[in-house]
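**Student:** Following this line is input.cif, made up of mmCIF, N, CA, C and O atoms and all ligand atoms:
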data_input
#
loop_
_atom_site.label_atom_id
_atom_site.label_comp_id
_atom_site.auth_asym_id
_atom_site.auth_seq_id
_atom_site.Cartn_x
_atom_site.Cartn_y
_atom_site.Cartn_z
N MET A 133 -6.07 2.86 -3.96
CA MET A 133 -7.08 1.82 -3.78
C MET A 133 -6.48 0.46 -4.13
O MET A 133 -5.64 0.36 -5.02
N TYR A 134 -6.94 -0.56 -3.41
CA TYR A 134 -6.56 -1.92 -3.76
C TYR A 134 -7.82 -2.78 -3.66
O TYR A 134 -8.49 -2.79 -2.63
N LEU A 135 -8.15 -3.46 -4.74
CA LEU A 135 -9.36 -4.28 -4.85
C LEU A 135 -10.60 -3.49 -4.45
O LEU A 135 -11.48 -3.99 -3.76
N GLY A 136 -10.64 -2.24 -4.87
CA GLY A 136 -11.83 -1.42 -4.67
C GLY A 136 -11.94 -0.77 -3.31
O GLY A 136 -12.96 -0.13 -3.03
N ARG A 137 -10.92 -0.91 -2.49
CA ARG A 137 -10.97 -0.27 -1.17
C ARG A 137 -9.84 0.76 -1.04
O ARG A 137 -8.71 0.51 -1.48
N ILE A 138 -10.17 1.88 -0.41
CA ILE A 138 -9.16 2.90 -0.19
C ILE A 138 -8.20 2.42 0.90
O ILE A 138 -8.63 2.05 1.99
N VAL A 139 -6.91 2.37 0.58
CA VAL A 139 -5.91 1.93 1.56
C VAL A 139 -5.05 3.08 2.06
O VAL A 139 -4.37 2.95 3.07
N GLU A 140 -5.07 4.21 1.34
CA GLU A 140 -4.31 5.38 1.80
C GLU A 140 -4.97 6.63 1.24
O GLU A 140 -5.39 6.64 0.08
N GLN A 141 -5.05 7.65 2.08
CA GLN A 141 -5.61 8.94 1.67
C GLN A 141 -4.73 10.05 2.20
O GLN A 141 -4.18 9.93 3.31
N GLY A 142 -4.63 11.12 1.44
CA GLY A 142 -3.87 12.28 1.89
C GLY A 142 -3.80 13.30 0.78
O GLY A 142 -4.40 13.11 -0.29
N THR A 143 -3.08 14.37 1.03
CA THR A 143 -2.86 15.35 -0.03
C THR A 143 -1.94 14.72 -1.07
O THR A 143 -1.26 13.71 -0.81
N VAL A 144 -1.91 15.32 -2.25
CA VAL A 144 -1.04 14.82 -3.31
C VAL A 144 0.40 14.76 -2.81
O VAL A 144 1.12 13.77 -3.00
N ASP A 145 0.83 15.83 -2.16
CA ASP A 145 2.20 15.90 -1.64
C ASP A 145 2.49 14.78 -0.65
O ASP A 145 3.54 14.13 -0.70
N GLU A 146 1.56 14.55 0.27
CA GLU A 146 1.77 13.52 1.30
C GLU A 146 1.89 12.14 0.68
O GLU A 146 2.78 11.36 1.03
N VAL A 147 0.96 11.83 -0.22
CA VAL A 147 0.94 10.47 -0.78
C VAL A 147 2.12 10.25 -1.73
O VAL A 147 2.75 9.19 -1.72
N LEU A 148 2.44 11.26 -2.55
CA LEU A 148 3.53 11.07 -3.51
C LEU A 148 4.90 11.19 -2.88
O LEU A 148 5.84 10.49 -3.27
N ARG A 149 5.05 12.06 -1.89
CA ARG A 149 6.39 12.26 -1.28
C ARG A 149 6.64 11.36 -0.08
O ARG A 149 7.78 11.08 0.27
N SER A 150 5.57 10.92 0.57
CA SER A 150 5.74 10.11 1.77
C SER A 150 4.69 8.99 1.83
O SER A 150 3.90 8.92 2.76
N PRO A 151 4.70 8.11 0.82
CA PRO A 151 3.72 7.02 0.83
C PRO A 151 3.95 6.11 2.03
O PRO A 151 5.08 5.79 2.36
N GLN A 152 2.85 5.69 2.67
CA GLN A 152 2.97 4.86 3.87
C GLN A 152 2.55 3.42 3.62
O GLN A 152 3.15 2.50 4.17
N HIS A 153 1.51 3.21 2.83
CA HIS A 153 1.01 1.86 2.62
C HIS A 153 1.94 1.08 1.69
O HIS A 153 2.41 1.63 0.68
N PRO A 154 2.22 -0.19 2.00
CA PRO A 154 3.10 -0.97 1.13
C PRO A 154 2.64 -1.03 -0.33
O PRO A 154 3.48 -1.06 -1.24
N TYR A 155 1.33 -1.02 -0.58
CA TYR A 155 0.87 -1.04 -1.97
C TYR A 155 1.14 0.29 -2.66
O TYR A 155 1.57 0.33 -3.81
N THR A 156 0.92 1.39 -1.96
CA THR A 156 1.22 2.71 -2.52
C THR A 156 2.71 2.80 -2.86
O THR A 156 3.09 3.29 -3.93
N ARG A 157 3.54 2.29 -1.95
CA ARG A 157 4.99 2.33 -2.21
C ARG A 157 5.35 1.51 -3.44
O ARG A 157 6.21 1.91 -4.24
N ALA A 158 4.71 0.36 -3.59
CA ALA A 158 5.00 -0.48 -4.76
C ALA A 158 4.56 0.22 -6.05
O ALA A 158 5.29 0.22 -7.04
N LEU A 159 3.37 0.82 -6.02
CA LEU A 159 2.91 1.54 -7.21
C LEU A 159 3.87 2.65 -7.59
O LEU A 159 4.26 2.80 -8.75
N LEU A 160 4.26 3.44 -6.61
CA LEU A 160 5.12 4.59 -6.91
C LEU A 160 6.52 4.16 -7.33
O LEU A 160 7.20 4.88 -8.05
N SER A 161 6.95 2.98 -6.90
CA SER A 161 8.29 2.51 -7.29
C SER A 161 8.34 2.19 -8.78
O SER A 161 9.43 2.08 -9.35
N ALA A 162 7.18 2.01 -9.40
CA ALA A 162 7.12 1.69 -10.83
C ALA A 162 7.08 2.94 -11.71
O ALA A 162 7.13 2.83 -12.93
N VAL A 163 6.99 4.11 -11.09
CA VAL A 163 6.95 5.36 -11.86
C VAL A 163 8.38 5.76 -12.21
O VAL A 163 9.19 5.97 -11.31
N PRO A 164 8.70 5.85 -13.49
CA PRO A 164 10.06 6.23 -13.87
C PRO A 164 10.38 7.66 -13.41
O PRO A 164 9.54 8.54 -13.47
N SER A 165 11.60 7.84 -12.92
CA SER A 165 12.04 9.16 -12.49
C SER A 165 12.92 9.77 -13.58
O SER A 165 13.76 9.06 -14.16
N PRO A 166 12.77 11.06 -13.86
CA PRO A 166 13.67 11.69 -14.84
C PRO A 166 15.09 11.84 -14.28
O PRO A 166 16.02 12.09 -15.02
N HIS A 167 15.23 11.65 -12.96
CA HIS A 167 16.55 11.75 -12.32
C HIS A 167 17.02 10.34 -11.98
O HIS A 167 16.52 9.72 -11.05
N LEU A 168 17.96 9.82 -12.76
CA LEU A 168 18.38 8.43 -12.60
C LEU A 168 18.86 8.12 -11.19
O LEU A 168 18.63 7.03 -10.67
N ASP A 169 19.51 9.08 -10.55
CA ASP A 169 20.03 8.83 -9.20
C ASP A 169 18.94 8.90 -8.14
O ASP A 169 19.17 8.56 -6.98
N ALA A 170 17.74 9.33 -8.53
CA ALA A 170 16.65 9.44 -7.55
C ALA A 170 15.59 8.35 -7.74
O ALA A 170 14.57 8.37 -7.08
N GLN A 171 15.85 7.41 -8.64
CA GLN A 171 14.87 6.35 -8.90
C GLN A 171 14.79 5.42 -7.69
O GLN A 171 15.80 4.86 -7.26
N PRO A 172 13.59 5.26 -7.09
CA PRO A 172 13.50 4.34 -5.95
C PRO A 172 13.65 2.90 -6.41
O PRO A 172 13.45 2.59 -7.59
N GLU A 173 13.99 2.03 -5.48
CA GLU A 173 14.10 0.60 -5.78
C GLU A 173 12.75 0.10 -6.28
O GLU A 173 11.71 0.38 -5.66
N PHE A 174 12.74 -0.60 -7.41
CA PHE A 174 11.49 -1.15 -7.95
C PHE A 174 11.01 -2.29 -7.05
O PHE A 174 11.77 -3.20 -6.74
N ILE A 175 9.77 -2.22 -6.63
CA ILE A 175 9.19 -3.25 -5.76
C ILE A 175 8.31 -4.16 -6.63
O ILE A 175 7.26 -3.73 -7.11
N ARG A 176 8.78 -5.38 -6.85
CA ARG A 176 8.01 -6.34 -7.65
C ARG A 176 7.09 -7.12 -6.71
O ARG A 176 7.57 -7.75 -5.76
N LEU A 177 5.79 -7.05 -6.98
CA LEU A 177 4.83 -7.76 -6.13
C LEU A 177 4.70 -9.20 -6.60
O LEU A 177 4.53 -9.45 -7.80
N PRO A 178 4.72 -10.16 -5.68
CA PRO A 178 4.56 -11.56 -6.09
C PRO A 178 3.10 -11.86 -6.40
O PRO A 178 2.19 -11.18 -5.93
N GLY A 179 2.88 -12.89 -7.19
CA GLY A 179 1.52 -13.37 -7.44
C GLY A 179 0.73 -12.48 -8.37
O GLY A 179 1.25 -11.57 -8.99
N GLU A 180 -0.56 -12.77 -8.43
CA GLU A 180 -1.48 -12.06 -9.31
C GLU A 180 -2.46 -11.26 -8.46
O GLU A 180 -2.70 -11.57 -7.29
N THR A 181 -3.08 -10.25 -9.07
CA THR A 181 -4.12 -9.50 -8.37
C THR A 181 -5.34 -10.40 -8.20
O THR A 181 -5.85 -10.94 -9.17
N PRO A 182 -5.81 -10.60 -6.96
CA PRO A 182 -6.97 -11.45 -6.74
C PRO A 182 -8.24 -10.81 -7.29
O PRO A 182 -8.29 -9.60 -7.55
N SER A 183 -9.28 -11.62 -7.45
CA SER A 183 -10.56 -11.10 -7.90
C SER A 183 -11.18 -10.23 -6.80
O SER A 183 -11.26 -10.67 -5.65
N PRO A 184 -11.64 -9.03 -7.14
CA PRO A 184 -12.33 -8.20 -6.15
C PRO A 184 -13.61 -8.86 -5.65
O PRO A 184 -14.10 -8.54 -4.56
N ALA A 185 -14.15 -9.79 -6.43
CA ALA A 185 -15.37 -10.48 -6.01
C ALA A 185 -15.09 -11.51 -4.92
O ALA A 185 -15.99 -11.86 -4.16
N ARG A 186 -13.86 -11.98 -4.86
CA ARG A 186 -13.48 -12.96 -3.82
C ARG A 186 -12.11 -12.59 -3.26
O ARG A 186 -11.12 -13.29 -3.45
N PRO A 187 -12.04 -11.46 -2.56
CA PRO A 187 -10.74 -11.00 -2.05
C PRO A 187 -10.24 -11.89 -0.92
O PRO A 187 -11.04 -12.52 -0.22
N PRO A 188 -8.93 -11.96 -0.71
CA PRO A 188 -8.39 -12.72 0.41
C PRO A 188 -8.89 -12.16 1.74
O PRO A 188 -9.17 -10.96 1.86
N GLY A 189 -9.02 -13.01 2.75
CA GLY A 189 -9.43 -12.55 4.06
C GLY A 189 -8.37 -11.69 4.71
O GLY A 189 -7.23 -11.65 4.26
N GLY A 190 -8.75 -11.00 5.78
CA GLY A 190 -7.82 -10.10 6.45
C GLY A 190 -7.54 -8.90 5.56
O GLY A 190 -8.42 -8.44 4.82
N CYS A 191 -6.32 -8.40 5.62
CA CYS A 191 -5.93 -7.35 4.68
C CYS A 191 -5.89 -7.98 3.29
O CYS A 191 -5.19 -8.97 3.08
N HIS A 192 -6.62 -7.42 2.36
CA HIS A 192 -6.71 -8.03 1.03
C HIS A 192 -5.35 -8.08 0.33
O HIS A 192 -5.17 -8.87 -0.60
N PHE A 193 -4.44 -7.27 0.76
CA PHE A 193 -3.12 -7.21 0.12
C PHE A 193 -2.14 -8.23 0.71
O PHE A 193 -1.05 -8.42 0.17
N HIS A 194 -2.50 -8.92 1.78
CA HIS A 194 -1.50 -9.70 2.52
C HIS A 194 -0.80 -10.80 1.71
O HIS A 194 0.39 -11.05 1.93
N PRO A 195 -1.47 -11.48 0.74
CA PRO A 195 -0.72 -12.50 0.00
C PRO A 195 0.42 -11.93 -0.85
O PRO A 195 1.32 -12.66 -1.27
N ARG A 196 0.39 -10.64 -1.11
CA ARG A 196 1.40 -10.03 -2.00
C ARG A 196 2.31 -9.05 -1.26
O ARG A 196 3.19 -8.44 -1.86
N CYS A 197 2.10 -8.91 0.05
CA CYS A 197 2.84 -7.89 0.82
C CYS A 197 4.06 -8.50 1.48
O CYS A 197 3.95 -9.45 2.25
N ARG A 198 5.22 -7.94 1.21
CA ARG A 198 6.45 -8.48 1.79
C ARG A 198 6.67 -7.99 3.22
O ARG A 198 7.64 -8.38 3.86
N GLN A 199 5.77 -7.16 3.73
CA GLN A 199 5.86 -6.70 5.12
C GLN A 199 4.77 -7.31 5.99
O GLN A 199 4.61 -6.90 7.14
N ALA A 200 4.04 -8.27 5.44
CA ALA A 200 2.90 -8.84 6.18
C ALA A 200 3.34 -9.48 7.50
O ALA A 200 4.41 -10.09 7.59
N ILE A 201 2.50 -9.32 8.50
CA ILE A 201 2.69 -9.93 9.81
C ILE A 201 1.47 -10.82 10.10
O ILE A 201 0.52 -10.85 9.30
N ALA A 202 1.48 -11.52 11.21
CA ALA A 202 0.40 -12.49 11.50
C ALA A 202 -0.98 -11.84 11.46
O ALA A 202 -1.93 -12.43 10.93
N ALA A 203 -1.12 -10.64 11.97
CA ALA A 203 -2.43 -9.98 12.02
C ALA A 203 -3.00 -9.73 10.64
O ALA A 203 -4.22 -9.63 10.47
N CYS A 204 -2.16 -9.66 9.64
CA CYS A 204 -2.61 -9.26 8.30
C CYS A 204 -3.56 -10.27 7.67
O CYS A 204 -4.45 -9.89 6.92
N SER A 205 -3.37 -11.55 7.93
CA SER A 205 -4.27 -12.55 7.35
C SER A 205 -5.49 -12.79 8.25
O SER A 205 -6.44 -13.44 7.84
N ALA A 206 -5.47 -12.23 9.46
CA ALA A 206 -6.55 -12.48 10.42
C ALA A 206 -7.68 -11.45 10.35
O ALA A 206 -8.84 -11.80 10.50
N ARG A 207 -7.34 -10.20 10.14
CA ARG A 207 -8.40 -9.18 10.13
C ARG A 207 -8.02 -7.99 9.24
O ARG A 207 -6.84 -7.69 9.06
N TYR A 208 -9.07 -7.33 8.74
CA TYR A 208 -8.86 -6.15 7.90
C TYR A 208 -8.41 -4.99 8.77
O TYR A 208 -8.99 -4.76 9.84
N PRO A 209 -7.38 -4.25 8.37
CA PRO A 209 -6.87 -3.16 9.23
C PRO A 209 -7.82 -1.97 9.32
O PRO A 209 -8.53 -1.65 8.36
N GLU A 210 -7.81 -1.34 10.48
CA GLU A 210 -8.55 -0.09 10.68
C GLU A 210 -7.77 1.05 10.02
O GLU A 210 -6.59 0.92 9.71
N THR A 211 -8.44 2.19 9.88
CA THR A 211 -7.77 3.38 9.36
C THR A 211 -6.99 4.04 10.48
O THR A 211 -7.51 4.23 11.59
N THR A 212 -5.74 4.36 10.21
CA THR A 212 -4.89 5.05 11.18
C THR A 212 -4.45 6.38 10.59
O THR A 212 -4.04 6.44 9.43
N SER A 213 -4.57 7.43 11.39
CA SER A 213 -4.13 8.75 10.93
C SER A 213 -2.63 8.89 11.07
O SER A 213 -2.06 8.59 12.12
N VAL A 214 -2.00 9.33 10.00
CA VAL A 214 -0.57 9.62 10.02
C VAL A 214 -0.37 11.11 10.30
O VAL A 214 0.61 11.51 10.92
N SER A 215 -1.32 11.91 9.84
CA SER A 215 -1.36 13.34 10.15
C SER A 215 -2.83 13.74 10.06
O SER A 215 -3.70 12.89 9.85
N THR A 216 -3.11 15.01 10.20
CA THR A 216 -4.52 15.43 10.16
C THR A 216 -5.14 15.20 8.79
O THR A 216 -6.36 15.12 8.65
N THR A 217 -4.32 15.10 7.75
CA THR A 217 -4.85 14.94 6.39
C THR A 217 -4.40 13.64 5.71
O THR A 217 -4.72 13.41 4.55
N HIS A 218 -3.64 12.82 6.43
CA HIS A 218 -3.05 11.62 5.81
C HIS A 218 -3.43 10.40 6.66
O HIS A 218 -3.21 10.39 7.87
N SER A 219 -4.01 9.40 6.01
CA SER A 219 -4.39 8.19 6.75
C SER A 219 -4.08 6.95 5.92
O SER A 219 -3.95 7.00 4.69
N VAL A 220 -3.97 5.81 6.63
CA VAL A 220 -3.57 4.56 5.98
C VAL A 220 -4.29 3.40 6.67
O VAL A 220 -4.56 3.45 7.86
N ARG A 221 -4.62 2.38 5.88
CA ARG A 221 -5.19 1.15 6.43
C ARG A 221 -4.13 0.07 6.36
O ARG A 221 -3.93 -0.56 5.31
N CYS A 222 -3.41 -0.12 7.47
CA CYS A 222 -2.31 -1.08 7.49
C CYS A 222 -2.00 -1.40 8.95
O CYS A 222 -1.96 -0.50 9.78
N HIS A 223 -1.79 -2.69 9.24
CA HIS A 223 -1.48 -3.10 10.61
C HIS A 223 -0.12 -2.61 11.11
O HIS A 223 0.17 -2.69 12.30
N LEU A 224 0.71 -2.12 10.21
CA LEU A 224 2.02 -1.61 10.65
C LEU A 224 1.89 -0.27 11.34
O LEU A 224 2.86 0.23 11.92
N TYR A 225 0.71 0.34 11.28
CA TYR A 225 0.47 1.64 11.90
C TYR A 225 -0.63 1.48 12.95
O TYR A 225 -1.46 0.61 12.83
N GLY A 226 -0.63 2.31 13.93
CA GLY A 226 -1.72 2.32 14.90
C GLY A 226 -1.51 1.47 16.11
O GLY A 226 -0.55 0.92 16.47
S1 LIG A 301 -1.92 -4.69 6.78
FE1 LIG A 301 -0.26 -6.17 6.59
S2 LIG A 301 -0.51 -7.10 4.57
FE2 LIG A 301 -1.77 -5.24 4.63
S3 LIG A 301 -0.43 -3.70 3.74
FE3 LIG A 301 -0.15 -3.60 5.96
S4 LIG A 301 1.60 -4.95 6.39
FE4 LIG A 301 0.89 -5.41 4.32
#
Would you mind writing the structure in this file as structure tokens?
**Tutor:**
Amino acid sequence: MYLGRIVEQGTVDEVLRSPQHPYTRALLSAVPSPHLDAQPEFIRLPGETPSPARPPGGCHFHPRCRQAIAACSARYPETTSVSTTHSVRCHLYG
């Protein structure tokens, strides 16, 4: 979830092993790995978390997303299925 909205859904395995949403990837990059050689690159998000009461327009994550494209500030993304049990709200899919 980001600012109170679900941005990715799936089984535990799908979300933890194959995160699709840029915010999910950033969150998981902060989880320490017991295997030093398997630690993913830490993704530092710029800026501060906006107020959920006044979220940014378009995709609420766009001011902090390093993969943002023009559509991201224009409209909120629809849900796109990655598999029958895995879905994501991001303009990079669909
Ligand atoms: S919709 Fe755009 S800003 Fe939002 S997570 Fe996807 S790429 Fe980033």
**Student:** Using only C-alpha atoms and all ligand atoms, which of A:Leu135, A:Val144, A:Ala202, A:Val214 sits nearest ligand LIG 301 (chain A)?
**Tutor:**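 Smallest separation from ligand LIG 301 (chain A) among the options: A:Ala202.
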**Student:** May I have the residues within 7 Å of ligand LIG 301 (chain A), computed using only C-alpha atoms and all ligand atoms, as an MDAnalysis selection string?
**Tutor:** chainID A and resid 153:155 191:194 197:201 203:204 209 221:224
**Student:** Could you jot down the atom C of Pro184 of chain A to atom O of Glu146 of chain A separation for me, Å, one decimal place?
**Tutor:**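 One can read the atom C of Pro184 of chain A to atom O of Glu146 of chain A distance as 26.9 Å.
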**Student:** Calculate how many Å separate atom CA of Pro172 of chain A from atom CA of Arg196 of chain A, rounding to one decimal.
**Tutor:**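 The value is 19.2 Å.
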**Student:** Return the padded bounding box of segment 169-174 of chain A as JSON: axis-aligned, built from all atoms listed in the file, 4 Å added on each side, with centre and edge lengths in Å to one decimal.
**Tutor:**
{"center_x": 15.5, "center_y": 3.1, "center_z": -8.0, "size_x": 17.0, "size_y": 20.6, "size_z": 13.1}
**Student:** Between atom N of Leu177 of chain A and atom O of Leu159 of chain A, measure the distance and give it in Å to one decimal.
**Tutor:**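 Atom-to-atom, atom N of Leu177 of chain A and atom O of Leu159 of chain A are spaced 10.1 Å apart.
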**Student:** Name all residues at most 8 Å from Ile175 of chain A (count only C-alpha atoms; drop same-chain ones fewer than 4 positions away) and give them as a ChimeraX atom specification.
**Tutor:** /A:157-158,161-162
